[in-house]
$ cat model.cif   # mmCIF, C-alpha atoms
data_work
#
loop_
_atom_site.group_PDB
_atom_site.id
_atom_site.type_symbol
_atom_site.label_atom_id
_atom_site.label_comp_id
_atom_site.auth_asym_id
_atom_site.auth_seq_id
_atom_site.Cartn_x
_atom_site.Cartn_y
_atom_site.Cartn_z
ATOM 1 C CA MET A 145 32.835 37.622 -8.981
ATOM 2 C CA ASN A 146 32.998 41.079 -7.402
ATOM 3 C CA CYS A 147 33.470 40.754 -3.658
ATOM 4 C CA GLU A 148 32.368 44.337 -3.094
ATOM 5 C CA ALA A 149 28.955 43.596 -4.595
ATOM 6 C CA LEU A 150 28.198 40.558 -2.431
ATOM 7 C CA ASP A 151 25.363 40.659 0.064
ATOM 8 C CA TRP A 152 26.871 39.130 3.185
ATOM 9 C CA THR A 153 23.579 39.198 5.040
ATOM 10 C CA VAL A 154 22.254 36.686 2.508
ATOM 11 C CA LEU A 155 25.454 34.644 2.282
ATOM 12 C CA ASP A 156 25.916 34.404 6.049
ATOM 13 C CA ARG A 157 22.306 33.281 6.494
ATOM 14 C CA LEU A 158 22.640 30.599 3.821
ATOM 15 C CA ARG A 159 25.956 29.301 5.146
ATOM 16 C CA GLN A 160 24.677 29.193 8.707
ATOM 17 C CA GLY A 161 21.685 27.181 7.504
ATOM 18 C CA PHE A 162 23.932 24.681 5.748
ATOM 19 C CA LEU A 163 26.286 24.315 8.726
ATOM 20 C CA SER A 164 23.576 24.079 11.379
ATOM 21 C CA GLY A 165 21.380 21.621 9.523
ATOM 22 C CA ALA A 166 18.525 24.108 9.295
ATOM 23 C CA ALA A 167 18.587 23.759 5.504
ATOM 24 C CA ALA A 168 17.003 20.321 5.944
ATOM 25 C CA LYS A 169 13.852 21.854 7.421
ATOM 26 C CA GLY A 170 12.455 23.171 4.128
ATOM 27 C CA PRO A 171 13.083 25.671 1.319
ATOM 28 C CA TYR A 172 15.653 28.253 2.389
ATOM 29 C CA TRP A 173 15.708 30.462 -0.696
ATOM 30 C CA GLN A 174 13.851 33.674 0.178
ATOM 31 C CA SER A 175 14.233 35.512 -3.122
ATOM 32 C CA PRO A 176 15.888 35.306 -6.557
ATOM 33 C CA ALA A 177 18.678 37.459 -5.093
ATOM 34 C CA ASP A 178 19.539 34.632 -2.679
ATOM 35 C CA LEU A 179 20.168 32.324 -5.609
ATOM 36 C CA ALA A 180 22.166 34.906 -7.541
ATOM 37 C CA GLN A 181 24.453 35.510 -4.548
ATOM 38 C CA TYR A 182 24.851 31.783 -3.915
ATOM 39 C CA ASN A 183 25.471 31.012 -7.591
ATOM 40 C CA LEU A 184 28.424 33.411 -7.748
ATOM 41 C CA THR A 185 30.086 32.060 -4.622
ATOM 42 C CA TYR A 186 29.241 28.794 -2.878
ATOM 43 C CA GLY A 187 27.572 27.468 -6.022
ATOM 44 C CA GLU A 188 30.709 28.154 -8.046
ATOM 45 C CA ARG A 189 32.773 26.145 -5.544
ATOM 46 C CA ILE A 190 30.367 23.241 -6.045
ATOM 47 C CA GLY A 191 30.922 23.698 -9.764
ATOM 48 C CA TRP A 192 34.640 23.049 -9.234
ATOM 49 C CA LYS A 193 33.772 19.674 -7.735
ATOM 50 C CA TRP A 194 31.632 18.837 -10.743
ATOM 51 C CA ASP A 195 34.449 19.948 -13.050
ATOM 52 C CA ALA A 196 36.799 17.454 -11.382
ATOM 53 C CA VAL A 197 34.340 14.578 -11.807
ATOM 54 C CA LEU A 198 33.511 15.497 -15.395
ATOM 55 C CA ARG A 199 37.185 15.836 -16.357
ATOM 56 C CA GLU A 200 37.818 12.281 -15.259
ATOM 57 C CA LEU A 201 34.804 10.925 -17.145
ATOM 58 C CA THR A 202 35.845 12.812 -20.272
ATOM 59 C CA ARG A 203 39.445 11.606 -19.962
ATOM 60 C CA ARG A 204 38.193 8.025 -19.789
ATOM 61 C CA GLY A 205 36.087 8.517 -22.910
ATOM 62 C CA TRP A 206 32.803 8.040 -21.062
ATOM 63 C CA ARG A 207 29.664 10.026 -21.842
ATOM 64 C CA PRO A 208 25.938 9.645 -21.158
ATOM 65 C CA ARG A 209 23.691 8.420 -23.953
ATOM 66 C CA SER A 210 20.449 10.098 -22.956
ATOM 67 C CA ARG A 211 19.564 13.392 -24.620
ATOM 68 C CA THR A 212 17.405 14.504 -21.684
ATOM 69 C CA LEU A 213 18.892 15.796 -18.434
ATOM 70 C CA LEU A 214 17.010 16.165 -15.163
ATOM 71 C CA ASP A 215 18.692 18.387 -12.552
ATOM 72 C CA TRP A 216 16.964 17.215 -9.354
ATOM 73 C CA GLY A 217 17.198 19.446 -6.284
ATOM 74 C CA CYS A 218 18.697 21.968 -8.669
ATOM 75 C CA GLY A 219 19.309 24.939 -6.360
ATOM 76 C CA SER A 220 20.933 27.516 -8.629
ATOM 77 C CA GLY A 221 21.395 24.896 -11.366
ATOM 78 C CA VAL A 222 25.185 24.843 -11.389
ATOM 79 C CA ALA A 223 25.394 21.033 -11.619
ATOM 80 C CA GLY A 224 23.172 20.675 -14.657
ATOM 81 C CA ARG A 225 24.887 23.499 -16.495
ATOM 82 C CA ARG A 226 28.337 22.051 -15.776
ATOM 83 C CA VAL A 227 27.254 18.644 -17.138
ATOM 84 C CA LEU A 228 25.764 20.136 -20.305
ATOM 85 C CA THR A 229 28.908 22.186 -20.926
ATOM 86 C CA ALA A 230 31.240 19.230 -20.341
ATOM 87 C CA PHE A 231 29.471 16.838 -22.698
ATOM 88 C CA GLY A 232 28.325 19.479 -25.198
ATOM 89 C CA PRO A 233 24.823 21.012 -25.206
ATOM 90 C CA GLU A 234 24.458 19.904 -28.819
ATOM 91 C CA ASN A 235 24.260 16.333 -27.514
ATOM 92 C CA PHE A 236 21.093 17.088 -25.532
ATOM 93 C CA ASP A 237 17.544 18.059 -26.401
ATOM 94 C CA ALA A 238 16.148 19.090 -23.044
ATOM 95 C CA LEU A 239 17.058 20.299 -19.565
ATOM 96 C CA HIS A 240 14.417 19.608 -16.929
ATOM 97 C CA VAL A 241 14.733 20.983 -13.410
ATOM 98 C CA TRP A 242 13.144 20.241 -10.070
ATOM 99 C CA ASP A 243 13.525 21.767 -6.642
ATOM 100 C CA HIS A 244 11.172 22.115 -3.698
ATOM 101 C CA SER A 245 11.689 25.878 -4.025
ATOM 102 C CA ALA A 246 9.874 27.743 -6.796
ATOM 103 C CA PHE A 247 12.566 30.430 -6.599
ATOM 104 C CA ALA A 248 15.224 27.805 -7.366
ATOM 105 C CA ARG A 249 13.254 26.298 -10.247
ATOM 106 C CA ASP A 250 12.649 29.691 -11.846
ATOM 107 C CA PHE A 251 16.255 30.817 -11.395
ATOM 108 C CA THR A 252 17.660 27.615 -12.901
ATOM 109 C CA ILE A 253 15.262 27.730 -15.846
ATOM 110 C CA THR A 254 16.193 31.353 -16.576
ATOM 111 C CA GLN A 255 19.907 30.606 -16.363
ATOM 112 C CA GLY A 256 19.510 27.467 -18.474
ATOM 113 C CA LYS A 257 17.645 29.246 -21.254
ATOM 114 C CA ALA A 258 20.261 31.990 -21.353
ATOM 115 C CA ALA A 259 23.183 29.550 -21.449
ATOM 116 C CA PHE A 260 21.637 26.986 -23.829
ATOM 117 C CA PRO A 261 19.103 28.713 -26.098
ATOM 118 C CA ALA A 262 18.831 25.701 -28.406
ATOM 119 C CA LEU A 263 17.618 23.413 -25.599
ATOM 120 C CA ALA A 264 14.103 22.932 -24.328
ATOM 121 C CA VAL A 265 14.442 24.110 -20.711
ATOM 122 C CA GLY A 266 11.605 23.801 -18.229
ATOM 123 C CA PRO A 267 10.263 22.369 -14.984
ATOM 124 C CA PHE A 268 10.153 18.615 -14.479
ATOM 125 C CA ALA A 269 6.704 17.044 -14.578
ATOM 126 C CA ASP A 270 6.800 13.504 -13.230
ATOM 127 C CA THR A 271 4.681 11.363 -15.524
ATOM 128 C CA GLY A 272 6.187 8.092 -14.377
ATOM 129 C CA GLN A 273 8.271 7.752 -17.544
ATOM 130 C CA PRO A 274 12.055 7.121 -17.738
ATOM 131 C CA VAL A 275 14.040 10.218 -16.781
ATOM 132 C CA GLY A 276 17.227 9.743 -18.852
ATOM 133 C CA LEU A 277 20.293 11.380 -17.279
ATOM 134 C CA LEU A 278 19.641 12.199 -13.616
ATOM 135 C CA VAL A 279 21.943 14.805 -12.045
ATOM 136 C CA ILE A 280 21.970 15.073 -8.229
ATOM 137 C CA SER A 281 24.095 17.509 -6.280
ATOM 138 C CA HIS A 282 24.533 18.121 -2.548
ATOM 139 C CA VAL A 283 21.152 16.902 -1.340
ATOM 140 C CA LEU A 284 21.742 14.015 1.082
ATOM 141 C CA ASN A 285 22.232 16.134 4.189
ATOM 142 C CA GLU A 286 18.954 17.940 3.467
ATOM 143 C CA LEU A 287 16.631 15.050 2.602
ATOM 144 C CA PRO A 288 14.075 13.671 5.055
ATOM 145 C CA ALA A 289 13.372 9.953 4.720
ATOM 146 C CA GLU A 290 10.238 10.439 2.605
ATOM 147 C CA ALA A 291 12.026 12.701 0.111
ATOM 148 C CA LEU A 292 14.915 10.230 -0.165
ATOM 149 C CA GLN A 293 12.465 7.473 -1.044
ATOM 150 C CA GLN A 294 10.997 9.697 -3.763
ATOM 151 C CA LEU A 295 14.470 10.282 -5.127
ATOM 152 C CA LEU A 296 15.211 6.561 -5.132
ATOM 153 C CA GLY A 297 12.020 6.085 -7.142
ATOM 154 C CA LEU A 298 13.375 8.474 -9.785
ATOM 155 C CA ILE A 299 16.751 6.743 -9.767
ATOM 156 C CA ALA A 300 14.969 3.453 -10.476
ATOM 157 C CA ARG A 301 13.720 5.005 -13.730
ATOM 158 C CA ALA A 302 16.978 6.693 -14.714
ATOM 159 C CA GLU A 303 19.294 5.495 -17.465
ATOM 160 C CA THR A 304 22.328 7.202 -15.932
ATOM 161 C CA VAL A 305 23.003 8.874 -12.585
ATOM 162 C CA LEU A 306 25.647 11.521 -11.880
ATOM 163 C CA TRP A 307 25.693 12.235 -8.151
ATOM 164 C CA VAL A 308 28.070 14.569 -6.276
ATOM 165 C CA GLU A 309 27.940 15.192 -2.522
ATOM 166 C CA PRO A 310 30.064 16.892 0.157
ATOM 167 C CA GLY A 311 33.220 14.990 1.037
ATOM 168 C CA ASN A 312 32.619 14.595 4.755
ATOM 169 C CA HIS A 313 32.542 11.266 6.586
ATOM 170 C CA ALA A 314 28.806 11.131 7.349
ATOM 171 C CA VAL A 315 27.543 11.962 3.852
ATOM 172 C CA SER A 316 30.129 9.774 2.150
ATOM 173 C CA ARG A 317 29.180 6.764 4.270
ATOM 174 C CA GLN A 318 25.518 7.387 3.457
ATOM 175 C CA LEU A 319 26.338 7.473 -0.262
ATOM 176 C CA ILE A 320 28.269 4.209 0.133
ATOM 177 C CA GLY A 321 25.158 2.605 1.627
ATOM 178 C CA LEU A 322 23.105 3.737 -1.362
ATOM 179 C CA ARG A 323 25.821 2.451 -3.694
ATOM 180 C CA GLU A 324 25.416 -1.037 -2.265
ATOM 181 C CA THR A 325 21.680 -0.960 -2.978
ATOM 182 C CA LEU A 326 21.915 0.539 -6.460
ATOM 183 C CA THR A 327 24.578 -1.811 -7.829
ATOM 184 C CA SER A 328 21.924 -4.506 -8.147
ATOM 185 C CA THR A 329 20.502 -2.635 -11.161
ATOM 186 C CA PHE A 330 23.328 -0.321 -12.289
ATOM 187 C CA HIS A 331 26.917 -0.677 -13.408
ATOM 188 C CA LEU A 332 29.464 1.403 -11.482
ATOM 189 C CA VAL A 333 31.350 3.848 -13.664
ATOM 190 C CA ALA A 334 33.158 5.864 -10.978
ATOM 191 C CA PRO A 335 34.766 6.347 -8.590
ATOM 192 C CA CYS A 336 34.881 2.611 -7.947
ATOM 193 C CA PRO A 337 37.517 0.670 -9.939
ATOM 194 C CA HIS A 338 35.505 -2.539 -9.478
ATOM 195 C CA GLN A 339 31.913 -3.795 -9.355
ATOM 196 C CA GLY A 340 32.147 -5.638 -6.035
ATOM 197 C CA ALA A 341 31.097 -4.711 -2.531
ATOM 198 C CA CYS A 342 32.631 -1.528 -1.110
ATOM 199 C CA GLY A 343 35.800 -2.331 0.817
ATOM 200 C CA LEU A 344 35.124 0.509 3.224
ATOM 201 C CA LEU A 345 32.295 -1.531 4.731
ATOM 202 C CA THR A 346 34.649 -4.204 6.037
ATOM 203 C CA VAL A 347 35.480 -4.350 9.733
ATOM 204 C CA GLY A 348 38.276 -1.957 10.638
ATOM 205 C CA ASN A 349 37.534 0.604 7.914
ATOM 206 C CA GLU A 350 34.707 2.390 9.720
ATOM 207 C CA HIS A 351 36.756 5.566 10.222
ATOM 208 C CA HIS A 352 37.641 5.854 6.519
ATOM 209 C CA TRP A 353 35.428 7.282 3.813
ATOM 210 C CA CYS A 354 35.366 7.676 0.013
ATOM 211 C CA HIS A 355 36.270 11.273 -0.772
ATOM 212 C CA PHE A 356 38.458 13.334 -3.056
ATOM 213 C CA PHE A 357 39.596 16.936 -3.507
ATOM 214 C CA ALA A 358 38.892 19.355 -6.347
ATOM 215 C CA GLU A 359 41.231 22.234 -7.003
ATOM 216 C CA PRO A 360 39.874 25.619 -8.138
ATOM 217 C CA PRO A 361 40.507 26.855 -11.689
ATOM 218 C CA ALA A 362 43.889 28.407 -12.396
ATOM 219 C CA GLY A 363 44.123 31.944 -11.099
ATOM 220 C CA VAL A 364 41.472 31.736 -8.390
ATOM 221 C CA GLN A 365 43.996 31.685 -5.547
ATOM 222 C CA ASN A 366 45.589 34.858 -6.953
ATOM 223 C CA ASP A 367 42.282 36.601 -7.590
ATOM 224 C CA SER A 368 41.832 39.319 -4.967
ATOM 225 C CA ASP A 369 38.037 39.018 -4.949
ATOM 226 C CA TRP A 370 38.106 35.255 -4.419
ATOM 227 C CA VAL A 371 40.806 35.566 -1.758
ATOM 228 C CA ARG A 372 38.735 38.129 0.109
ATOM 229 C CA PHE A 373 35.636 35.980 -0.233
ATOM 230 C CA GLY A 374 37.446 32.948 1.182
ATOM 231 C CA GLN A 375 38.751 34.930 4.137
ATOM 232 C CA ARG A 376 35.382 36.541 4.886
ATOM 233 C CA ALA A 377 33.402 33.305 4.448
ATOM 234 C CA GLY A 378 35.940 31.187 6.313
ATOM 235 C CA VAL A 379 36.365 28.648 3.519
ATOM 236 C CA ASP A 380 39.524 27.114 2.078
ATOM 237 C CA LEU A 381 39.705 27.808 -1.643
ATOM 238 C CA ARG A 382 42.735 25.564 -2.208
ATOM 239 C CA SER A 383 40.664 22.393 -2.492
ATOM 240 C CA GLN A 384 37.057 21.281 -2.138
ATOM 241 C CA ALA A 385 36.287 17.857 -0.656
ATOM 242 C CA TYR A 386 33.644 15.804 -2.401
ATOM 243 C CA SER A 387 32.184 12.318 -2.729
ATOM 244 C CA TYR A 388 30.481 11.081 -5.857
ATOM 245 C CA LEU A 389 28.858 8.209 -7.669
ATOM 246 C CA VAL A 390 28.356 7.601 -11.382
ATOM 247 C CA LEU A 391 25.944 4.828 -12.356
ATOM 248 C CA ASP A 392 24.919 3.575 -15.789
ATOM 249 C CA ARG A 393 22.657 0.858 -17.131
ATOM 250 C CA VAL A 394 25.339 -0.086 -19.651
ATOM 251 C CA GLU A 395 28.686 -1.501 -18.595
ATOM 252 C CA SER A 396 31.544 0.995 -18.988
ATOM 253 C CA PRO A 397 35.026 0.206 -20.327
ATOM 254 C CA SER A 398 36.844 -2.132 -17.975
ATOM 255 C CA VAL A 399 39.376 -0.884 -15.454
ATOM 256 C CA ASP A 400 40.097 -4.366 -14.111
ATOM 257 C CA GLY A 401 43.116 -4.481 -11.851
ATOM 258 C CA ALA A 402 43.077 -0.738 -11.236
ATOM 259 C CA SER A 403 43.265 0.984 -7.867
ATOM 260 C CA ARG A 404 42.181 4.433 -6.728
ATOM 261 C CA ILE A 405 43.582 6.602 -3.967
ATOM 262 C CA LEU A 406 40.947 7.634 -1.445
ATOM 263 C CA GLY A 407 41.393 11.156 -0.126
ATOM 264 C CA ARG A 408 44.962 12.159 -0.850
ATOM 265 C CA ALA A 409 48.360 10.605 -0.223
ATOM 266 C CA GLU A 410 50.176 11.730 2.940
ATOM 267 C CA HIS A 411 53.774 12.699 2.361
ATOM 268 C CA PHE A 412 56.534 12.366 4.926
ATOM 269 C CA LYS A 413 60.287 12.661 4.699
ATOM 270 C CA GLY A 414 61.330 10.001 2.228
ATOM 271 C CA PHE A 415 58.016 8.193 1.886
ATOM 272 C CA ALA A 416 54.295 8.570 1.233
ATOM 273 C CA ARG A 417 51.358 6.691 2.692
ATOM 274 C CA LEU A 418 48.015 6.282 0.960
ATOM 275 C CA LEU A 419 44.687 4.477 1.177
ATOM 276 C CA SER A 420 44.125 2.375 -1.934
ATOM 277 C CA CYS A 421 40.782 1.006 -3.136
ATOM 278 C CA SER A 422 40.673 -1.942 -5.523
ATOM 279 C CA ALA A 423 38.764 -5.154 -6.134
ATOM 280 C CA ASP A 424 40.894 -6.680 -3.380
ATOM 281 C CA GLY A 425 39.539 -4.192 -0.849
ATOM 282 C CA VAL A 426 40.739 -1.023 0.846
ATOM 283 C CA GLU A 427 44.255 -1.096 2.258
ATOM 284 C CA GLU A 428 47.001 1.234 3.375
ATOM 285 C CA LEU A 429 50.056 1.221 1.103
ATOM 286 C CA GLU A 430 53.426 2.923 1.312
ATOM 287 C CA LEU A 431 55.725 4.350 -1.342
ATOM 288 C CA GLN A 432 59.374 4.979 -0.614
ATOM 289 C CA LYS A 433 60.690 7.993 -2.505
ATOM 290 C CA ARG A 434 63.792 6.091 -3.540
ATOM 291 C CA ALA A 435 61.620 3.365 -5.116
ATOM 292 C CA ASP A 436 60.019 5.768 -7.618
ATOM 293 C CA ALA A 437 60.875 9.446 -7.220
ATOM 294 C CA ASP A 438 58.703 10.520 -10.157
ATOM 295 C CA LEU A 439 55.642 8.755 -8.773
ATOM 296 C CA PHE A 440 56.351 10.188 -5.318
ATOM 297 C CA LYS A 441 56.347 13.689 -6.811
ATOM 298 C CA GLN A 442 53.275 12.994 -8.955
ATOM 299 C CA LEU A 443 51.228 11.825 -5.992
ATOM 300 C CA LYS A 444 52.111 15.019 -4.142
ATOM 301 C CA LYS A 445 50.916 17.427 -6.799
ATOM 302 C CA ASP A 446 48.312 15.493 -8.795
ATOM 303 C CA ALA A 447 44.718 16.336 -7.827
ATOM 304 C CA SER A 448 42.999 14.616 -10.753
ATOM 305 C CA HIS A 449 42.668 11.280 -8.908
ATOM 306 C CA PRO A 450 43.641 8.993 -11.782
ATOM 307 C CA LEU A 451 43.399 5.257 -11.566
ATOM 308 C CA TYR A 452 46.639 3.344 -11.109
ATOM 309 C CA ARG A 453 47.867 -0.197 -11.501
ATOM 310 C CA TRP A 454 50.353 -0.632 -8.707
ATOM 311 C CA GLU A 455 53.527 -2.658 -8.850
ATOM 312 C CA ARG A 456 53.858 -3.942 -5.308
ATOM 313 C CA GLU A 457 55.980 -5.850 -2.885
ATOM 314 C CA ASP A 458 53.526 -6.697 -0.143
ATOM 315 C CA HIS A 459 52.241 -3.323 1.166
ATOM 316 C CA ARG A 460 54.963 -1.304 -0.530
ATOM 317 C CA ILE A 461 54.504 0.293 -3.940
ATOM 318 C CA VAL A 462 57.568 0.000 -6.169
ATOM 319 C CA GLY A 463 56.061 1.436 -9.327
ATOM 320 C CA ALA A 464 52.792 2.259 -11.048
ATOM 321 C CA LYS A 465 51.071 2.882 -14.361
ATOM 322 C CA ARG A 466 48.221 5.328 -14.777
ATOM 323 C CA VAL A 467 45.090 3.785 -16.243
#

$ encode --input "model.cif" --output "structure tokens"
Amino acid sequence: MNCEALDWTVLDRLRQGFLSGAAAKGPYWQSPADLAQYNLTYGERIGWKWDAVLRELTRRGWRPRSRTLLDWGCGSGVAGRRVLTAFGPENFDALHVWDHSAFARDFTITQGKAAFPALAVGPFADTGQPVGLLVISHVLNELPAEALQQLLGLIARAETVLWVEPGNHAVSRQLIGLRETLTSTFHLVAPCPHQGACGLLTVGNEHHWCHFFAEPPAGVQNDSDWVRFGQRAGVDLRSQAYSYLVLDRVESPSVDGASRILGRAEHFKGFARLLSCSADGVEELELQKRADADLFKQLKKDASHPLYRWEREDHRIVGAKRV
């Protein structure tokens, strides 16, 4: 990414549309150049979120079974390409794309053909048949009610759903609501360490939300072009907040008894406090540094959001094992 070559007129217009909510009023791509500028910058940051999700799935030995991928609401297509790369393009036969913008569809198809010449890449034609692996990225804050219902109709025909959204409170809570509906027909793969009702919906947890943080690739924070982009755009490159949901028709390997940290642990002098999600619900736990110094240090630097099995004394953690 060459910061000198960026068109800030385009990037400022796009960012203002996202922040103001104007992006929900219809297609906002005005030319292929819009998508190229976005793909190099804001789209790449979204790619870092997908990388974090896909690393966890790969580490757990999970992979989709379908050989057809549909990138719905594709934008510049970064989500679909990240998924194909993570699981190996040789394990797929086709990449289908859909977006309400013809510019976005054409850009994603062109990029897909260049990156994966062995795949059949083309626009999605809805024939009412099963859609295989459905990839959804950063669409909830742009969807009117009618479009959301159309998306839910596609999800009902999907074998697997990989869904990543911004990590803010409003969008995360909306995704939680959809989770509760979709678990009647899907198994939860991630981020949930259980198949029960979401603990964040219990009374008293209204101000919490299910979100995580993705770090950029090594070297980005020392890359002068990325540093200048972050300063000019007013974005923090150190971590990207996201929410996500992975659903499958087939039950995934069990993580019974596991817990997941929501957000990130807060560290204070001599102790850390965290919000833990498990089958028992969502609760605030505390770790004294003297109880497990290695775990205390690990929680401070680890951004991969692994699952843990806590060793506890009431609301205090005294040890843990990564799952």

$ resolve_selection --input "model.cif" --expression "the PyMOL selection byres ((chain A and resi 318) around 12)" --output "PyMOL selection string"
chain A and resi 283-285+287+292+309-317+319-325+344-345+353-354+387-389

$ residues_around --input "model.cif" --residues "Arg460 of chain A" --least-positions-apart "5" --cutoff "8 Å" --atoms "all atoms listed in the file" --output "VMD selection string"
chain A and resid 429 to 432

$ residues_around --input "model.cif" --residues "Phe260 of chain A" --least-positions-apart "6" --cutoff "10 Å" --atoms "all atoms listed in the file" --output "VMD selection string"
chain A and resid 225 228 to 229 233 to 234 238 to 239

$ residues_around --input "model.cif" --residues "segment 357-368 of chain A" --least-positions-apart "5" --cutoff "10 Å" --atoms "only C-alpha atoms" --output "VMD selection string"
chain A and resid 145 to 147 188 to 197 311 373 to 374 380 to 387 406 to 408 446 to 449

$ residues_around --input "model.cif" --residues "Asp270 of chain A" --least-positions-apart "6" --cutoff "12 Å" --atoms "only C-alpha atoms" --output "list in words"
Leu214, Trp216, His240, Val241, Trp242, Gln294, Leu295, Gly297, Leu298 and Arg301 of chain A

$ closest_atom_pairs --input "model.cif" --of "segment 188-239 of chain A" --to "segment 243-253 of chain A" --cutoff "7 Å" --atoms "all atoms listed in the file" --output "tab-separated table"
residue	atom	partner	partner_atom	distance
A:Trp216	CA	A:Asp243	CA	6.3
A:Gly217	CA	A:Asp243	CA	4.4
A:Cys218	CA	A:Asp243	CA	5.6
A:Gly219	CA	A:Ala248	CA	5.1
A:Ser220	CA	A:Thr252	CA	5.4
A:Gly221	CA	A:Thr252	CA	4.9

$ residues_around --input "model.cif" --residues "Leu439 of chain A" --least-positions-apart "2" --cutoff "12 Å" --atoms "all atoms listed in the file" --output "list in words"
Ala409, His411, Phe415, Ala416, Glu430, Leu431, Gln432, Lys433, Arg434, Ala435, Asp436, Ala437, Lys441, Gln442, Leu443, Lys444, Lys445, Asp446, Tyr452, Trp454, Glu455, Ile461, Val462, Gly463, Ala464, Lys465 and Arg466 of chain A

$ closest_residue --input "model.cif" --among "A:Glu457, A:Glu410, A:Asp392, A:Glu286" --to "Gly161 of chain A" --atoms "all atoms listed in the file"
A:Glu286

$ resolve_selection --input "model.cif" --expression "the PyMOL selection byres ((chain A and resi 156) around 12)" --output "list of chain:residue names"
A:Leu150, A:Asp151, A:Trp152, A:Thr153, A:Val154, A:Leu155, A:Arg157, A:Leu158, A:Arg159, A:Gln160, A:Gly161, A:Phe162, A:Leu163, A:Ser164, A:Asp178, A:Gln181, A:Tyr182, A:Thr185, A:Tyr186, A:Phe373, A:Arg376, A:Ala377, A:Gly378

$ atom_distance --input "model.cif" --atom1 "atom CA of Gly272 of chain A" --atom2 "atom CA of Gly232 of chain A"
27.1 Å

$ atom_distance --input "model.cif" --atom1 "atom CA of Ile280 of chain A" --atom2 "atom CA of Thr254 of chain A"
19.2 Å

$ build_atoms --input "model.cif" --residues "segment 307-321 of chain A" --atoms "N, CA and C atoms" --output "JSON list (two decimals), in the coordinates of the input"
[["chain", "number", "residue", "atom", "x", "y", "z"],
["A", 307, "TRP", "N", 26.06, 11.82, -9.50],
["A", 307, "TRP", "CA", 25.69, 12.24, -8.15],
["A", 307, "TRP", "C", 26.94, 12.72, -7.42],
["A", 308, "VAL", "N", 26.95, 13.98, -7.01],
["A", 308, "VAL", "CA", 28.07, 14.57, -6.28],
["A", 308, "VAL", "C", 27.57, 15.10, -4.94],
["A", 309, "GLU", "N", 28.32, 14.79, -3.87],
["A", 309, "GLU", "CA", 27.94, 15.19, -2.52],
["A", 309, "GLU", "C", 29.15, 15.78, -1.79],
["A", 310, "PRO", "N", 28.92, 16.43, -0.65],
["A", 310, "PRO", "CA", 30.06, 16.89, 0.16],
["A", 310, "PRO", "C", 30.98, 15.73, 0.53],
["A", 311, "GLY", "N", 32.24, 16.04, 0.77],
["A", 311, "GLY", "CA", 33.22, 14.99, 1.04],
["A", 311, "GLY", "C", 33.45, 14.73, 2.51],
["A", 312, "ASN", "N", 32.42, 14.89, 3.34],
["A", 312, "ASN", "CA", 32.62, 14.60, 4.76],
["A", 312, "ASN", "C", 32.27, 13.14, 5.05],
["A", 313, "HIS", "N", 32.67, 12.67, 6.23],
["A", 313, "HIS", "CA", 32.54, 11.27, 6.59],
["A", 313, "HIS", "C", 31.09, 10.81, 6.57],
["A", 314, "ALA", "N", 30.20, 11.57, 7.20],
["A", 314, "ALA", "CA", 28.81, 11.13, 7.35],
["A", 314, "ALA", "C", 28.11, 10.99, 6.01],
["A", 315, "VAL", "N", 28.23, 12.00, 5.15],
["A", 315, "VAL", "CA", 27.54, 11.96, 3.85],
["A", 315, "VAL", "C", 28.16, 10.90, 2.95],
["A", 316, "SER", "N", 29.48, 10.78, 2.98],
["A", 316, "SER", "CA", 30.13, 9.77, 2.15],
["A", 316, "SER", "C", 29.69, 8.37, 2.54],
["A", 317, "ARG", "N", 29.61, 8.09, 3.84],
["A", 317, "ARG", "CA", 29.18, 6.76, 4.27],
["A", 317, "ARG", "C", 27.73, 6.51, 3.88],
["A", 318, "GLN", "N", 26.90, 7.54, 3.90],
["A", 318, "GLN", "CA", 25.52, 7.39, 3.46],
["A", 318, "GLN", "C", 25.46, 7.07, 1.97],
["A", 319, "LEU", "N", 26.29, 7.74, 1.17],
["A", 319, "LEU", "CA", 26.34, 7.47, -0.26],
["A", 319, "LEU", "C", 26.84, 6.06, -0.53],
["A", 320, "ILE", "N", 27.78, 5.59, 0.28],
["A", 320, "ILE", "CA", 28.27, 4.21, 0.13],
["A", 320, "ILE", "C", 27.13, 3.23, 0.36],
["A", 321, "GLY", "N", 26.30, 3.48, 1.37],
["A", 321, "GLY", "CA", 25.16, 2.60, 1.63],
["A", 321, "GLY", "C", 24.21, 2.56, 0.45]]
